[in-house]
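Note sheet for the following structure.
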Amino acid sequence: MAPSHTPIRFINKESKSISIRARVNMMWHVPMDPYSMISDGLHLILMDHMGDTIEATVKGPHVQFFIRTLHEGFVYEFSSFHVVNYPVTYRATSHPYKLQFQFSTNFHELTSSAFPCWSLNKNSVDDVTCMKNNATHLTDFAGIVTAVSLEKSFVIDGYEGRIIGLELCNDHGSFDCLLVDYYIDDFLAYSNTRRDKSILILMKLAKPEYNHGIHIMN
């Protein structure tokens, strides 16, 4: 019998032998060091035809296989995965669980226009303020750049980095946004091409900070 296709919103710890159909909305991996392509983990945001999202991760020796085989923006059918609790360090989606892919996970590409091409979990300043007691949530933000601070350097646990601050404004208010390291270079290179024009910043999976007000970290 063909497996049923479970909507992402109905996935829970009791879900067994299910399959899902979803678009790889975002995909990124974390290299073990800046000069190596060897990754200690692959992370994906999967979005189904209803626009609901869930994070999936790959660990261990299978990472490179999934990096070579899966492609951001493509739609796949997935089966044979574990449903696990979210870690306490952060939450990339509002779903209470995430998926753990393994070597036995099956997937194949689908051709379908029924899946949204874009997902944005945009929050207002008031929304982020309400998250203060649950600061593990990552969030999406959009705003017009109204001010840029001077670049500063910092040292944390022996790591030397750079940081600048942006003030972003939208219909719901204003907030500070902190950019670090290579995000600074990307922003400055783009802003130099947009002199005397407004710059709209869209940040996905940003981390809210609540020290001395609200700051959004890239």
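Following the order of the structure tokens, first chain is A, next is B, and so on, with residues numbered from 1 inside each chain and ligands from 1 in the order they appear.
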
Exercise: segment 138-148 of chain A partners within 8 Å, only C-alpha atoms, chain neighbours under 4 positions left out, as a PDB file with all heavy atoms, in the first residue's frame:
ATOM      1  N   TYR A  90      17.678  26.669  20.162  1.00  0.00           N
ATOM      2  CA  TYR A  90      16.986  27.544  19.228  1.00  0.00           C
ATOM      3  C   TYR A  90      15.859  26.771  18.559  1.00  0.00           C
ATOM      4  O   TYR A  90      15.811  25.548  18.599  1.00  0.00           O
ATOM      5  CB  TYR A  90      17.940  28.075  18.150  1.00  0.00           C
ATOM      6  CG  TYR A  90      18.247  27.055  17.079  1.00  0.00           C
ATOM      7  CD1 TYR A  90      17.519  27.029  15.884  1.00  0.00           C
ATOM      8  CD2 TYR A  90      19.229  26.093  17.265  1.00  0.00           C
ATOM      9  CE1 TYR A  90      17.777  26.078  14.908  1.00  0.00           C
ATOM     10  CE2 TYR A  90      19.492  25.144  16.295  1.00  0.00           C
ATOM     11  CZ  TYR A  90      18.762  25.143  15.119  1.00  0.00           C
ATOM     12  OH  TYR A  90      19.009  24.190  14.160  1.00  0.00           O
ATOM     13  N   ARG A  91      14.944  27.516  17.916  1.00  0.00           N
ATOM     14  CA  ARG A  91      13.863  26.912  17.137  1.00  0.00           C
ATOM     15  C   ARG A  91      13.766  27.687  15.827  1.00  0.00           C
ATOM     16  O   ARG A  91      13.449  28.876  15.831  1.00  0.00           O
ATOM     17  CB  ARG A  91      12.539  26.969  17.889  1.00  0.00           C
ATOM     18  CG  ARG A  91      12.545  26.265  19.227  1.00  0.00           C
ATOM     19  CD  ARG A  91      11.248  26.518  19.965  1.00  0.00           C
ATOM     20  NE  ARG A  91      10.110  25.900  19.307  1.00  0.00           N
ATOM     21  CZ  ARG A  91       9.688  24.659  19.577  1.00  0.00           C
ATOM     22  NH1 ARG A  91      10.323  23.939  20.481  1.00  0.00           N
ATOM     23  NH2 ARG A  91       8.659  24.153  18.949  1.00  0.00           N
ATOM     24  N   ALA A  92      14.014  27.006  14.720  1.00  0.00           N
ATOM     25  CA  ALA A  92      13.987  27.669  13.414  1.00  0.00           C
ATOM     26  C   ALA A  92      12.583  27.756  12.838  1.00  0.00           C
ATOM     27  O   ALA A  92      12.353  28.499  11.885  1.00  0.00           O
ATOM     28  CB  ALA A  92      14.905  26.931  12.440  1.00  0.00           C
ATOM     29  N   THR A  93      11.629  26.990  13.366  1.00  0.00           N
ATOM     30  CA  THR A  93      10.232  27.069  12.956  1.00  0.00           C
ATOM     31  C   THR A  93       9.372  27.023  14.213  1.00  0.00           C
ATOM     32  O   THR A  93       9.862  26.748  15.307  1.00  0.00           O
ATOM     33  CB  THR A  93       9.831  25.906  12.018  1.00  0.00           C
ATOM     34  OG1 THR A  93       9.665  24.702  12.788  1.00  0.00           O
ATOM     35  CG2 THR A  93      10.873  25.678  10.934  1.00  0.00           C
ATOM     36  N   LEU A 120       7.595  33.137   4.722  1.00  0.00           N
ATOM     37  CA  LEU A 120       8.151  34.205   5.555  1.00  0.00           C
ATOM     38  C   LEU A 120       7.390  34.252   6.863  1.00  0.00           C
ATOM     39  O   LEU A 120       6.185  34.501   6.887  1.00  0.00           O
ATOM     40  CB  LEU A 120       8.054  35.560   4.846  1.00  0.00           C
ATOM     41  CG  LEU A 120       8.580  36.779   5.614  1.00  0.00           C
ATOM     42  CD1 LEU A 120      10.064  36.619   5.899  1.00  0.00           C
ATOM     43  CD2 LEU A 120       8.297  38.052   4.844  1.00  0.00           C
ATOM     44  N   ASN A 121       8.089  34.008   7.952  1.00  0.00           N
ATOM     45  CA  ASN A 121       7.497  34.065   9.287  1.00  0.00           C
ATOM     46  C   ASN A 121       7.791  35.443   9.871  1.00  0.00           C
ATOM     47  O   ASN A 121       8.565  35.595  10.804  1.00  0.00           O
ATOM     48  CB  ASN A 121       8.093  32.962  10.175  1.00  0.00           C
ATOM     49  CG  ASN A 121       7.497  32.966  11.562  1.00  0.00           C
ATOM     50  OD1 ASN A 121       6.358  33.355  11.758  1.00  0.00           O
ATOM     51  ND2 ASN A 121       8.290  32.543  12.534  1.00  0.00           N
ATOM     52  N   LYS A 122       7.161  36.470   9.264  1.00  0.00           N
ATOM     53  CA  LYS A 122       7.484  37.861   9.614  1.00  0.00           C
ATOM     54  C   LYS A 122       6.758  38.259  10.891  1.00  0.00           C
ATOM     55  O   LYS A 122       5.574  37.992  11.074  1.00  0.00           O
ATOM     56  CB  LYS A 122       7.096  38.809   8.467  1.00  0.00           C
ATOM     57  CG  LYS A 122       7.537  40.243   8.679  1.00  0.00           C
ATOM     58  CD  LYS A 122       7.443  41.013   7.393  1.00  0.00           C
ATOM     59  CE  LYS A 122       6.010  41.233   6.968  1.00  0.00           C
ATOM     60  NZ  LYS A 122       5.322  42.197   7.851  1.00  0.00           N
ATOM     61  N   ASN A 123       7.478  38.913  11.794  1.00  0.00           N
ATOM     62  CA  ASN A 123       6.928  39.325  13.075  1.00  0.00           C
ATOM     63  C   ASN A 123       7.069  40.829  13.262  1.00  0.00           C
ATOM     64  O   ASN A 123       8.013  41.447  12.777  1.00  0.00           O
ATOM     65  CB  ASN A 123       7.650  38.619  14.223  1.00  0.00           C
ATOM     66  CG  ASN A 123       7.390  37.131  14.235  1.00  0.00           C
ATOM     67  OD1 ASN A 123       6.342  36.683  14.648  1.00  0.00           O
ATOM     68  ND2 ASN A 123       8.376  36.371  13.766  1.00  0.00           N
ATOM     69  N   SER A 124       6.128  41.384  13.999  1.00  0.00           N
ATOM     70  CA  SER A 124       6.217  42.794  14.355  1.00  0.00           C
ATOM     71  C   SER A 124       7.100  42.942  15.596  1.00  0.00           C
ATOM     72  O   SER A 124       7.473  41.965  16.243  1.00  0.00           O
ATOM     73  CB  SER A 124       4.815  43.360  14.645  1.00  0.00           C
ATOM     74  OG  SER A 124       4.297  42.786  15.837  1.00  0.00           O
ATOM     75  N   ILE A 164      28.467  45.849  13.041  1.00  0.00           N
ATOM     76  CA  ILE A 164      27.845  47.154  12.812  1.00  0.00           C
ATOM     77  C   ILE A 164      26.375  47.043  13.204  1.00  0.00           C
ATOM     78  O   ILE A 164      25.807  45.953  13.243  1.00  0.00           O
ATOM     79  CB  ILE A 164      27.962  47.645  11.350  1.00  0.00           C
ATOM     80  CG1 ILE A 164      27.184  46.720  10.395  1.00  0.00           C
ATOM     81  CG2 ILE A 164      29.398  47.790  10.919  1.00  0.00           C
ATOM     82  CD1 ILE A 164      27.062  47.305   8.996  1.00  0.00           C
ATOM     83  N   GLY A 165      25.785  48.199  13.489  1.00  0.00           N
ATOM     84  CA  GLY A 165      24.378  48.234  13.848  1.00  0.00           C
ATOM     85  C   GLY A 165      23.561  48.957  12.793  1.00  0.00           C
ATOM     86  O   GLY A 165      24.004  49.967  12.234  1.00  0.00           O
ATOM     87  N   LEU A 166      22.383  48.431  12.517  1.00  0.00           N
ATOM     88  CA  LEU A 166      21.440  49.070  11.611  1.00  0.00           C
ATOM     89  C   LEU A 166      20.162  49.369  12.382  1.00  0.00           C
ATOM     90  O   LEU A 166      19.756  48.595  13.245  1.00  0.00           O
ATOM     91  CB  LEU A 166      21.091  48.163  10.424  1.00  0.00           C
ATOM     92  CG  LEU A 166      22.224  47.536   9.623  1.00  0.00           C
ATOM     93  CD1 LEU A 166      21.649  46.642   8.526  1.00  0.00           C
ATOM     94  CD2 LEU A 166      23.127  48.597   9.031  1.00  0.00           C
ATOM     95  N   GLU A 167      19.528  50.478  12.063  1.00  0.00           N
ATOM     96  CA  GLU A 167      18.175  50.727  12.548  1.00  0.00           C
ATOM     97  C   GLU A 167      17.224  50.426  11.402  1.00  0.00           C
ATOM     98  O   GLU A 167      17.367  50.983  10.308  1.00  0.00           O
ATOM     99  CB  GLU A 167      17.998  52.171  12.998  1.00  0.00           C
ATOM    100  CG  GLU A 167      16.589  52.447  13.532  1.00  0.00           C
ATOM    101  CD  GLU A 167      16.370  53.899  13.889  1.00  0.00           C
ATOM    102  OE1 GLU A 167      16.296  54.737  12.960  1.00  0.00           O
ATOM    103  OE2 GLU A 167      16.278  54.211  15.091  1.00  0.00           O
ATOM    104  N   LEU A 168      16.270  49.528  11.632  1.00  0.00           N
ATOM    105  CA  LEU A 168      15.298  49.147  10.624  1.00  0.00           C
ATOM    106  C   LEU A 168      13.912  49.590  11.055  1.00  0.00           C
ATOM    107  O   LEU A 168      13.549  49.460  12.231  1.00  0.00           O
ATOM    108  CB  LEU A 168      15.306  47.628  10.410  1.00  0.00           C
ATOM    109  CG  LEU A 168      16.641  46.982  10.040  1.00  0.00           C
ATOM    110  CD1 LEU A 168      16.454  45.486   9.798  1.00  0.00           C
ATOM    111  CD2 LEU A 168      17.252  47.648   8.811  1.00  0.00           C
ATOM    112  N   CYS A 169      13.133  50.123  10.125  1.00  0.00           N
ATOM    113  CA  CYS A 169      11.784  50.580  10.419  1.00  0.00           C
ATOM    114  C   CYS A 169      10.795  49.930   9.457  1.00  0.00           C
ATOM    115  O   CYS A 169      11.086  49.750   8.268  1.00  0.00           O
ATOM    116  CB  CYS A 169      11.685  52.109  10.283  1.00  0.00           C
ATOM    117  SG  CYS A 169      12.634  53.018  11.512  1.00  0.00           S
ATOM    118  N   ASN A 170       9.635  49.552  10.009  1.00  0.00           N
ATOM    119  CA  ASN A 170       8.534  49.097   9.170  1.00  0.00           C
ATOM    120  C   ASN A 170       7.237  49.636   9.742  1.00  0.00           C
ATOM    121  O   ASN A 170       7.247  50.508  10.624  1.00  0.00           O
ATOM    122  CB  ASN A 170       8.522  47.563   9.045  1.00  0.00           C
ATOM    123  CG  ASN A 170       8.401  46.866  10.387  1.00  0.00           C
ATOM    124  OD1 ASN A 170       7.834  47.410  11.347  1.00  0.00           O
ATOM    125  ND2 ASN A 170       8.938  45.654  10.471  1.00  0.00           N
ATOM    126  N   SER A 198      16.316  53.981  -0.930  1.00  0.00           N
ATOM    127  CA  SER A 198      15.976  53.220   0.263  1.00  0.00           C
ATOM    128  C   SER A 198      16.440  51.776   0.113  1.00  0.00           C
ATOM    129  O   SER A 198      16.412  51.200  -0.971  1.00  0.00           O
ATOM    130  CB  SER A 198      14.462  53.256   0.503  1.00  0.00           C
ATOM    131  OG  SER A 198      14.019  54.573   0.752  1.00  0.00           O
ATOM    132  N   ILE A 199      16.870  51.190   1.242  1.00  0.00           N
ATOM    133  CA  ILE A 199      17.313  49.794   1.257  1.00  0.00           C
ATOM    134  C   ILE A 199      16.379  49.008   2.160  1.00  0.00           C
ATOM    135  O   ILE A 199      16.220  49.336   3.346  1.00  0.00           O
ATOM    136  CB  ILE A 199      18.762  49.665   1.763  1.00  0.00           C
ATOM    137  CG1 ILE A 199      19.711  50.419   0.828  1.00  0.00           C
ATOM    138  CG2 ILE A 199      19.168  48.207   1.875  1.00  0.00           C
ATOM    139  CD1 ILE A 199      21.150  50.418   1.297  1.00  0.00           C
ATOM    140  N   LEU A 200      15.736  48.008   1.603  1.00  0.00           N
ATOM    141  CA  LEU A 200      14.861  47.118   2.364  1.00  0.00           C
ATOM    142  C   LEU A 200      15.653  45.876   2.750  1.00  0.00           C
ATOM    143  O   LEU A 200      16.232  45.207   1.894  1.00  0.00           O
ATOM    144  CB  LEU A 200      13.640  46.724   1.537  1.00  0.00           C
ATOM    145  CG  LEU A 200      12.712  45.671   2.161  1.00  0.00           C
ATOM    146  CD1 LEU A 200      12.052  46.227   3.423  1.00  0.00           C
ATOM    147  CD2 LEU A 200      11.663  45.216   1.150  1.00  0.00           C
ATOM    148  N   ILE A 201      15.699  45.578   4.033  1.00  0.00           N
ATOM    149  CA  ILE A 201      16.409  44.415   4.541  1.00  0.00           C
ATOM    150  C   ILE A 201      15.404  43.346   4.952  1.00  0.00           C
ATOM    151  O   ILE A 201      14.448  43.631   5.684  1.00  0.00           O
ATOM    152  CB  ILE A 201      17.278  44.773   5.766  1.00  0.00           C
ATOM    153  CG1 ILE A 201      18.381  45.757   5.377  1.00  0.00           C
ATOM    154  CG2 ILE A 201      17.888  43.516   6.392  1.00  0.00           C
ATOM    155  CD1 ILE A 201      19.458  45.165   4.503  1.00  0.00           C
ATOM    156  N   LEU A 202      15.594  42.154   4.459  1.00  0.00           N
ATOM    157  CA  LEU A 202      14.798  41.004   4.887  1.00  0.00           C
ATOM    158  C   LEU A 202      15.742  40.016   5.551  1.00  0.00           C
ATOM    159  O   LEU A 202      16.699  39.555   4.934  1.00  0.00           O
ATOM    160  CB  LEU A 202      14.107  40.337   3.695  1.00  0.00           C
ATOM    161  CG  LEU A 202      13.445  38.981   3.962  1.00  0.00           C
ATOM    162  CD1 LEU A 202      12.346  39.111   5.011  1.00  0.00           C
ATOM    163  CD2 LEU A 202      12.888  38.391   2.669  1.00  0.00           C
ATOM    164  N   MET A 203      15.497  39.717   6.806  1.00  0.00           N
ATOM    165  CA  MET A 203      16.329  38.779   7.553  1.00  0.00           C
ATOM    166  C   MET A 203      15.507  37.542   7.877  1.00  0.00           C
ATOM    167  O   MET A 203      14.403  37.639   8.407  1.00  0.00           O
ATOM    168  CB  MET A 203      16.837  39.417   8.844  1.00  0.00           C
ATOM    169  CG  MET A 203      17.683  40.641   8.634  1.00  0.00           C
ATOM    170  SD  MET A 203      18.383  41.254  10.183  1.00  0.00           S
ATOM    171  CE  MET A 203      19.541  39.937  10.550  1.00  0.00           C
ATOM    172  N   LYS A 204      16.059  36.379   7.549  1.00  0.00           N
ATOM    173  CA  LYS A 204      15.395  35.121   7.868  1.00  0.00           C
ATOM    174  C   LYS A 204      16.201  34.390   8.937  1.00  0.00           C
ATOM    175  O   LYS A 204      17.427  34.391   8.915  1.00  0.00           O
ATOM    176  CB  LYS A 204      15.254  34.244   6.617  1.00  0.00           C
ATOM    177  CG  LYS A 204      14.273  34.803   5.590  1.00  0.00           C
ATOM    178  CD  LYS A 204      14.045  33.843   4.436  1.00  0.00           C
ATOM    179  CE  LYS A 204      13.341  32.581   4.856  1.00  0.00           C
ATOM    180  NZ  LYS A 204      11.944  32.818   5.303  1.00  0.00           N
ATOM    181  N   LEU A 205      15.489  33.794   9.868  1.00  0.00           N
ATOM    182  CA  LEU A 205      16.093  33.017  10.954  1.00  0.00           C
ATOM    183  C   LEU A 205      17.075  33.874  11.752  1.00  0.00           C
ATOM    184  O   LEU A 205      18.200  33.483  12.021  1.00  0.00           O
ATOM    185  CB  LEU A 205      16.788  31.766  10.413  1.00  0.00           C
ATOM    186  CG  LEU A 205      15.900  30.790   9.611  1.00  0.00           C
ATOM    187  CD1 LEU A 205      16.708  29.568   9.202  1.00  0.00           C
ATOM    188  CD2 LEU A 205      14.680  30.391  10.406  1.00  0.00           C
ATOM    189  N   ALA A 206      16.634  35.058  12.107  1.00  0.00           N
ATOM    190  CA  ALA A 206      17.447  35.954  12.933  1.00  0.00           C
ATOM    191  C   ALA A 206      17.159  35.685  14.411  1.00  0.00           C
ATOM    192  O   ALA A 206      16.083  35.224  14.775  1.00  0.00           O
ATOM    193  CB  ALA A 206      17.137  37.415  12.601  1.00  0.00           C
ATOM    194  N   LYS A 207      18.132  35.982  15.251  1.00  0.00           N
ATOM    195  CA  LYS A 207      18.010  35.708  16.680  1.00  0.00           C
ATOM    196  C   LYS A 207      17.731  37.003  17.445  1.00  0.00           C
ATOM    197  O   LYS A 207      18.551  37.909  17.447  1.00  0.00           O
ATOM    198  CB  LYS A 207      19.287  35.067  17.218  1.00  0.00           C
ATOM    199  CG  LYS A 207      19.241  34.774  18.716  1.00  0.00           C
ATOM    200  CD  LYS A 207      20.482  34.055  19.179  1.00  0.00           C
ATOM    201  CE  LYS A 207      20.485  33.893  20.700  1.00  0.00           C
ATOM    202  NZ  LYS A 207      19.279  33.210  21.199  1.00  0.00           N
ATOM    203  N   PRO A 208      16.566  37.101  18.121  1.00  0.00           N
ATOM    204  CA  PRO A 208      16.292  38.291  18.933  1.00  0.00           C
ATOM    205  C   PRO A 208      17.144  38.297  20.205  1.00  0.00           C
ATOM    206  O   PRO A 208      17.366  37.262  20.825  1.00  0.00           O
ATOM    207  CB  PRO A 208      14.799  38.148  19.291  1.00  0.00           C
ATOM    208  CG  PRO A 208      14.256  37.105  18.359  1.00  0.00           C
ATOM    209  CD  PRO A 208      15.405  36.196  18.056  1.00  0.00           C
TER     210      PRO A 208
END

Selection: 7 Å around segment 70-87 of chain A, only C-alpha atoms, excl. self and same-chain fewer than 6 positions, as a VMD selection string: chain A and resid 12 to 13 17 to 27 96 to 102 104 to 111

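Residues within 7 Å of Asp52 of chain A, counting only C-alpha atoms and excluding same-chain residues fewer than 2 positions away, are A:Ile8, A:Arg9, A:Met47, A:Asp48, A:Met50.
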
For atom CA of Ser113 of chain A and atom CA of Leu42 of chain A, determine how far apart the two atoms are, in Å to one decimal place. 25.8 Å

If you run DSSP on this backbone, which residues of segment 4-218 of chain A come out as strand (DSSP E or B), and could you give them as a PyMOL selection string? chain A and resi 5+19-31+39-47+53-58+75-79+82-85+91+97-101+106-110+122+137+139-148+152-156+159-170+173-180+200-209+215-217

Pull C-alpha atoms from the residues just selected and write them as an mmCIF file, in the first residue's frame.
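Full text of again.cif as output:
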data_model
loop_
_atom_site.group_PDB
_atom_site.id
_atom_site.type_symbol
_atom_site.label_atom_id
_atom_site.label_comp_id
_atom_site.auth_asym_id
_atom_site.auth_seq_id
_atom_site.Cartn_x
_atom_site.Cartn_y
_atom_site.Cartn_z
ATOM 1 C CA HIS A 5 1.282 11.856 2.846
ATOM 2 C CA SER A 19 5.922 10.257 4.352
ATOM 3 C CA ILE A 20 5.726 13.964 3.562
ATOM 4 C CA ARG A 21 5.843 16.003 0.394
ATOM 5 C CA ALA A 22 7.606 19.324 0.816
ATOM 6 C CA ARG A 23 9.744 21.976 -0.816
ATOM 7 C CA VAL A 24 13.260 22.546 0.529
ATOM 8 C CA ASN A 25 12.629 26.176 1.427
ATOM 9 C CA MET A 26 16.084 26.718 2.954
ATOM 10 C CA MET A 27 19.179 24.546 3.296
ATOM 11 C CA TRP A 28 22.479 25.302 5.002
ATOM 12 C CA HIS A 29 25.365 23.458 6.585
ATOM 13 C CA VAL A 30 27.872 24.429 9.233
ATOM 14 C CA PRO A 31 31.524 23.764 8.258
ATOM 15 C CA SER A 39 30.300 19.827 7.679
ATOM 16 C CA ASP A 40 29.193 18.804 11.139
ATOM 17 C CA GLY A 41 25.519 19.156 10.269
ATOM 18 C CA LEU A 42 23.027 19.911 7.503
ATOM 19 C CA HIS A 43 19.859 21.876 8.269
ATOM 20 C CA LEU A 44 16.756 22.176 6.084
ATOM 21 C CA ILE A 45 13.473 24.055 6.361
ATOM 22 C CA LEU A 46 10.783 21.981 4.639
ATOM 23 C CA MET A 47 7.474 23.541 3.549
ATOM 24 C CA THR A 53 7.219 24.376 7.859
ATOM 25 C CA ILE A 54 9.383 22.011 9.877
ATOM 26 C CA GLU A 55 13.138 21.751 10.327
ATOM 27 C CA ALA A 56 15.043 18.619 9.304
ATOM 28 C CA THR A 57 18.647 17.861 10.190
ATOM 29 C CA VAL A 58 21.319 15.432 9.032
ATOM 30 C CA VAL A 75 10.116 19.572 -4.082
ATOM 31 C CA TYR A 76 10.640 16.050 -2.740
ATOM 32 C CA GLU A 77 8.769 13.202 -1.150
ATOM 33 C CA PHE A 78 10.500 12.037 2.053
ATOM 34 C CA SER A 79 10.014 8.888 4.113
ATOM 35 C CA HIS A 82 12.808 10.089 12.903
ATOM 36 C CA VAL A 83 10.612 12.677 14.618
ATOM 37 C CA VAL A 84 12.530 14.198 17.550
ATOM 38 C CA ASN A 85 12.104 16.966 20.104
ATOM 39 C CA ARG A 91 13.863 26.912 17.137
ATOM 40 C CA TYR A 97 9.182 18.841 16.609
ATOM 41 C CA LYS A 98 11.826 18.411 13.959
ATOM 42 C CA LEU A 99 12.880 15.601 11.619
ATOM 43 C CA GLN A 100 16.136 13.664 11.828
ATOM 44 C CA PHE A 101 17.237 12.258 8.467
ATOM 45 C CA ASN A 106 14.204 7.768 1.186
ATOM 46 C CA PHE A 107 13.421 10.735 -1.027
ATOM 47 C CA HIS A 108 12.742 11.490 -4.668
ATOM 48 C CA GLU A 109 12.105 14.693 -6.565
ATOM 49 C CA LEU A 110 8.570 15.730 -7.500
ATOM 50 C CA LYS A 122 7.484 37.861 9.614
ATOM 51 C CA HIS A 137 12.751 31.193 18.625
ATOM 52 C CA THR A 139 12.341 34.879 13.506
ATOM 53 C CA ASP A 140 12.028 36.731 10.194
ATOM 54 C CA PHE A 141 12.062 40.515 9.903
ATOM 55 C CA ALA A 142 11.742 43.121 7.187
ATOM 56 C CA GLY A 143 12.425 46.838 7.425
ATOM 57 C CA ILE A 144 13.836 49.920 5.725
ATOM 58 C CA VAL A 145 17.356 50.922 6.803
ATOM 59 C CA THR A 146 17.141 54.339 8.490
ATOM 60 C CA ALA A 147 20.549 54.488 10.233
ATOM 61 C CA VAL A 148 23.918 52.712 10.133
ATOM 62 C CA LYS A 152 33.419 48.100 15.701
ATOM 63 C CA SER A 153 35.615 45.142 16.602
ATOM 64 C CA PHE A 154 35.078 42.674 19.423
ATOM 65 C CA VAL A 155 36.769 39.684 21.019
ATOM 66 C CA ILE A 156 34.773 36.818 22.559
ATOM 67 C CA TYR A 159 37.520 35.069 18.580
ATOM 68 C CA GLU A 160 38.050 38.455 16.924
ATOM 69 C CA GLY A 161 35.133 39.766 14.917
ATOM 70 C CA ARG A 162 33.514 42.879 13.489
ATOM 71 C CA ILE A 163 30.055 44.311 14.059
ATOM 72 C CA ILE A 164 27.845 47.154 12.812
ATOM 73 C CA GLY A 165 24.378 48.234 13.848
ATOM 74 C CA LEU A 166 21.440 49.070 11.611
ATOM 75 C CA GLU A 167 18.175 50.727 12.548
ATOM 76 C CA LEU A 168 15.298 49.147 10.624
ATOM 77 C CA CYS A 169 11.784 50.580 10.419
ATOM 78 C CA ASN A 170 8.534 49.097 9.170
ATOM 79 C CA GLY A 173 7.876 50.262 14.579
ATOM 80 C CA SER A 174 11.671 50.325 14.613
ATOM 81 C CA PHE A 175 14.338 47.986 15.962
ATOM 82 C CA ASP A 176 18.093 47.564 15.961
ATOM 83 C CA CYS A 177 19.785 44.952 13.792
ATOM 84 C CA LEU A 178 23.372 43.800 14.393
ATOM 85 C CA LEU A 179 25.444 42.426 11.514
ATOM 86 C CA VAL A 180 28.674 40.555 12.106
ATOM 87 C CA LEU A 200 14.861 47.118 2.364
ATOM 88 C CA ILE A 201 16.409 44.415 4.541
ATOM 89 C CA LEU A 202 14.798 41.004 4.887
ATOM 90 C CA MET A 203 16.329 38.779 7.553
ATOM 91 C CA LYS A 204 15.395 35.121 7.868
ATOM 92 C CA LEU A 205 16.093 33.017 10.954
ATOM 93 C CA ALA A 206 17.447 35.954 12.933
ATOM 94 C CA LYS A 207 18.010 35.708 16.680
ATOM 95 C CA PRO A 208 16.292 38.291 18.933
ATOM 96 C CA GLU A 209 18.351 39.663 21.829
ATOM 97 C CA HIS A 215 18.215 43.717 18.928
ATOM 98 C CA ILE A 216 18.009 41.356 15.955
ATOM 99 C CA MET A 217 21.166 39.328 15.360
#

DSSP helix (DSSP H, G or I) residues within segment 56-202 of chain A, listed as a PyMOL selection string: chain A and resi 60-69+125-134+182-191

For atom CA of Glu151 of chain A and atom CA of Tyr183 of chain A, the interatomic separation in Å (one decimal):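 Distance reported for this atom pair: 12.0 Å.
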
What's the separation between atom CA of Arg195 of chain A and atom CA of His172 of chain A, in Å to one decimal place? 25.3 Å
